[in-house]
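**Q** Could you have a look at this structure, given as structure tokens, before my questions?
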Amino acid sequence: MDQTKVRDLVDEALALNESLYLIDLEISSNNKIQVIVDGDNGVPLSECIRISKSIDANLDREEEDFSLEVSTPDISHPLKVKRQYIKNINRLLKVKTTDEEFEGTLVEANENQIVLNWKAREPKPIGKGKVTVEKTATILYKDIKEAKVKIVF
């Protein structure tokens with residue numbers, strides 16, 4: 001299966017709805033095509049169906065047999081695209097870098113970095129006991145090894 005052709009078909013289908021964007025495209029050796037899309041405001045099932053039909057209609061099963069799956073990322077998948085960070089502003093993230101792990105509320109996401117805020121208990125500067133302090137971390141995208149949205153019940 002020609003990955004460039006499939007990629008072009010996915011791009012064409014996504015162009016009809018600018019709020020949608022490609023997260024991942026994989027084609028296995030047995031021609032199983034997996035397309036994962038996300039949207040700034042979520043992705044309705046009807047859009048997954050539309051994208052699937054658009055791709056399927058432009059590939060010839062007589063020429064090369066394939067299976068096609070169009071889906072959205074589930075909660076266990078890490079964030080991969082900058083637009084996913086923007087979509088998840090004000091949500092709790094767990095971010096791993098090469099040196100540290102952070103868990104905080106995503107308060108900002110721009111072209112180069114994200115900003116997390118959280119509260120931590122630390123010893124008082126003078127005297128006994130602890131005090132709650134507000135912490136902030138600015139993390140460059142290039143330093144992020146993995147970032148996942150945490151769901152709090």
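Each chain in the structure tokens gets a letter, A, B and so on, in the order shown; residues start at 1 in every chain, and ligands are counted from 1 in the order they appear.
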Counting only C-alpha atoms, what is within 12 Å of Glu18 in chain A, bar same-chain residues fewer than 6 positions away, as a PDB file with N, CA and C atoms, in the first residue's frame?

**A**
ATOM      1  N   ASP A  11      -5.511  13.659   4.108  1.00  0.00           N
ATOM      2  CA  ASP A  11      -5.427  15.122   4.118  1.00  0.00           C
ATOM      3  C   ASP A  11      -6.606  15.755   3.395  1.00  0.00           C
ATOM      4  N   GLU A  12      -6.998  15.171   2.258  1.00  0.00           N
ATOM      5  CA  GLU A  12      -8.172  15.663   1.507  1.00  0.00           C
ATOM      6  C   GLU A  12      -9.435  15.591   2.364  1.00  0.00           C
ATOM      7  N   VAL A  37      -7.557  10.353  14.211  1.00  0.00           N
ATOM      8  CA  VAL A  37      -7.790  11.789  14.062  1.00  0.00           C
ATOM      9  C   VAL A  37      -8.337  12.361  15.365  1.00  0.00           C
ATOM     10  N   ASP A  38      -8.095  13.641  15.552  1.00  0.00           N
ATOM     11  CA  ASP A  38      -8.640  14.343  16.714  1.00  0.00           C
ATOM     12  C   ASP A  38      -9.200  15.661  16.208  1.00  0.00           C
ATOM     13  N   GLY A  39      -9.916  16.338  17.069  1.00  0.00           N
ATOM     14  CA  GLY A  39     -10.520  17.606  16.689  1.00  0.00           C
ATOM     15  C   GLY A  39     -10.454  18.604  17.818  1.00  0.00           C
ATOM     16  N   ASP A  40     -10.443  19.874  17.462  1.00  0.00           N
ATOM     17  CA  ASP A  40     -10.393  20.935  18.467  1.00  0.00           C
ATOM     18  C   ASP A  40     -11.591  20.864  19.408  1.00  0.00           C
ATOM     19  N   ASN A  41     -12.720  20.349  18.894  1.00  0.00           N
ATOM     20  CA  ASN A  41     -13.936  20.236  19.696  1.00  0.00           C
ATOM     21  C   ASN A  41     -14.428  18.794  19.762  1.00  0.00           C
ATOM     22  N   VAL A  43     -14.435  14.724  18.066  1.00  0.00           N
ATOM     23  CA  VAL A  43     -14.705  14.170  16.741  1.00  0.00           C
ATOM     24  C   VAL A  43     -15.970  13.332  16.809  1.00  0.00           C
ATOM     25  N   GLU A  47     -18.057  12.000  11.539  1.00  0.00           N
ATOM     26  CA  GLU A  47     -16.837  12.458  10.857  1.00  0.00           C
ATOM     27  C   GLU A  47     -15.886  11.289  10.613  1.00  0.00           C
TER      28      GLU A  47
END

**Q** Residues within 12 Å of Lys87 in chain A, please, as a list in words. Count only C-alpha atoms; anything in the same chain fewer than 2 positions from it doesn't count.

**A**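 Once the nearby chain positions are removed, what remains is Ser19, Leu20, Tyr21, Asp38, Gly39, Asp40, Asn41, Gly42, Leu79, Val81, Lys82, Arg83, Gln84, Tyr85, Ile89, Asn90, Arg91, Leu106, Val107, Glu108, Ala109, Asn110 and Val149 of chain A.
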
**Q** Extract, using only C-alpha atoms, all DNA, RNA and protein residues at most 12 Å from Asp65 in chain A, discarding same-chain residues fewer than 2 positions from it, and format them as an MDAnalysis selection string.

**A** chainID A and resid 1 29:33 56 59:63 67:68

**Q** If DSSP is run on the backbone, what residues of range 64-101 of chain A are helix (DSSP H, G or I)? A reply as an NGL selection string would be ideal.

**A** :A and (82-87)

**Q** One number please: CA of Lys96 in chain A to CA of Gln113 in chain A, in Å, one decimal.

**A**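 Rounded to one decimal, the two atoms are 13.8 Å apart.
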
**Q** In Å to one decimal, how far is CA of Lys150 in chain A from CA of Thr98 in chain A?

**A** 19.7 Å

**Q** Here is a test: counting only C-alpha atoms, which residue of A:Ile51, A:Ile86, A:Ala137, A:Ala57 is nearest to Leu16 in chain A?

**A**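 Looking at the shortest contact to Leu16 in chain A, the residue is A:Ile51.
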
**Q** Considering only strand (DSSP E or B) as DSSP defines it on the backbone, what residues of range 11-77 of chain A qualify? List them as an MDAnalysis selection string.

**A** chainID A and resid 20:27 32:40 42 67:71

**Q** Could you jot down the CA of Trp118 in chain A to CA of Thr136 in chain A separation for me, Å, one decimal place?

**A** 6.6 Å

**Q** Set the distance at 6 Å and use only C-alpha atoms: which residues neighbour Gly104 in chain A once local chain neighbours fewer than 6 positions away are removed? I'd like the list as a list in words.

**A**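 Residues meeting the cut-off are Leu92, Leu93, Leu116, Asn117 and Trp118 of chain A.
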
**Q** Quick one: residues within 10 Å of Leu45 in chain A, only C-alpha atoms counted, chain neighbours fewer than 6 positions away excluded, as a ChimeraX atom specification?

**A** /A:70-72

**Q** In terms of the shortest atom-to-atom distance over only C-alpha atoms, which of A:Ala147, A:Phe66, A:Lys80, A:Val133 is closest to Lys94 in chain A?

**A**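 So, comparing all the options, the nearest one is A:Ala147.
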
**Q** Have a look at A:Val35, A:Ala13, A:Ile139, A:Ile55 and name the one nearest to Asn112 in chain A; count only C-alpha atoms.

**A**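 Among the listed residues, A:Ile139 lies closest to Asn112 in chain A.
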
**Q** When you count only C-alpha atoms, which of these residues is closest to Asn17 in chain A: A:Ser46, A:Thr132, A:Gln34, A:Thr105?

**A**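 Of A:Ser46, A:Thr132, A:Gln34, A:Thr105, the one nearest Asn17 in chain A, counting only C-alpha atoms, is A:Ser46.
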
**Q** Using only C-alpha atoms, can you tell me which of A:Glu103, A:Glu111, A:Thr138, A:Gly129 comes closest to Ile151 in chain A?

**A**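 Once distances to Ile151 in chain A are computed over only C-alpha atoms, the minimum belongs to A:Glu103.
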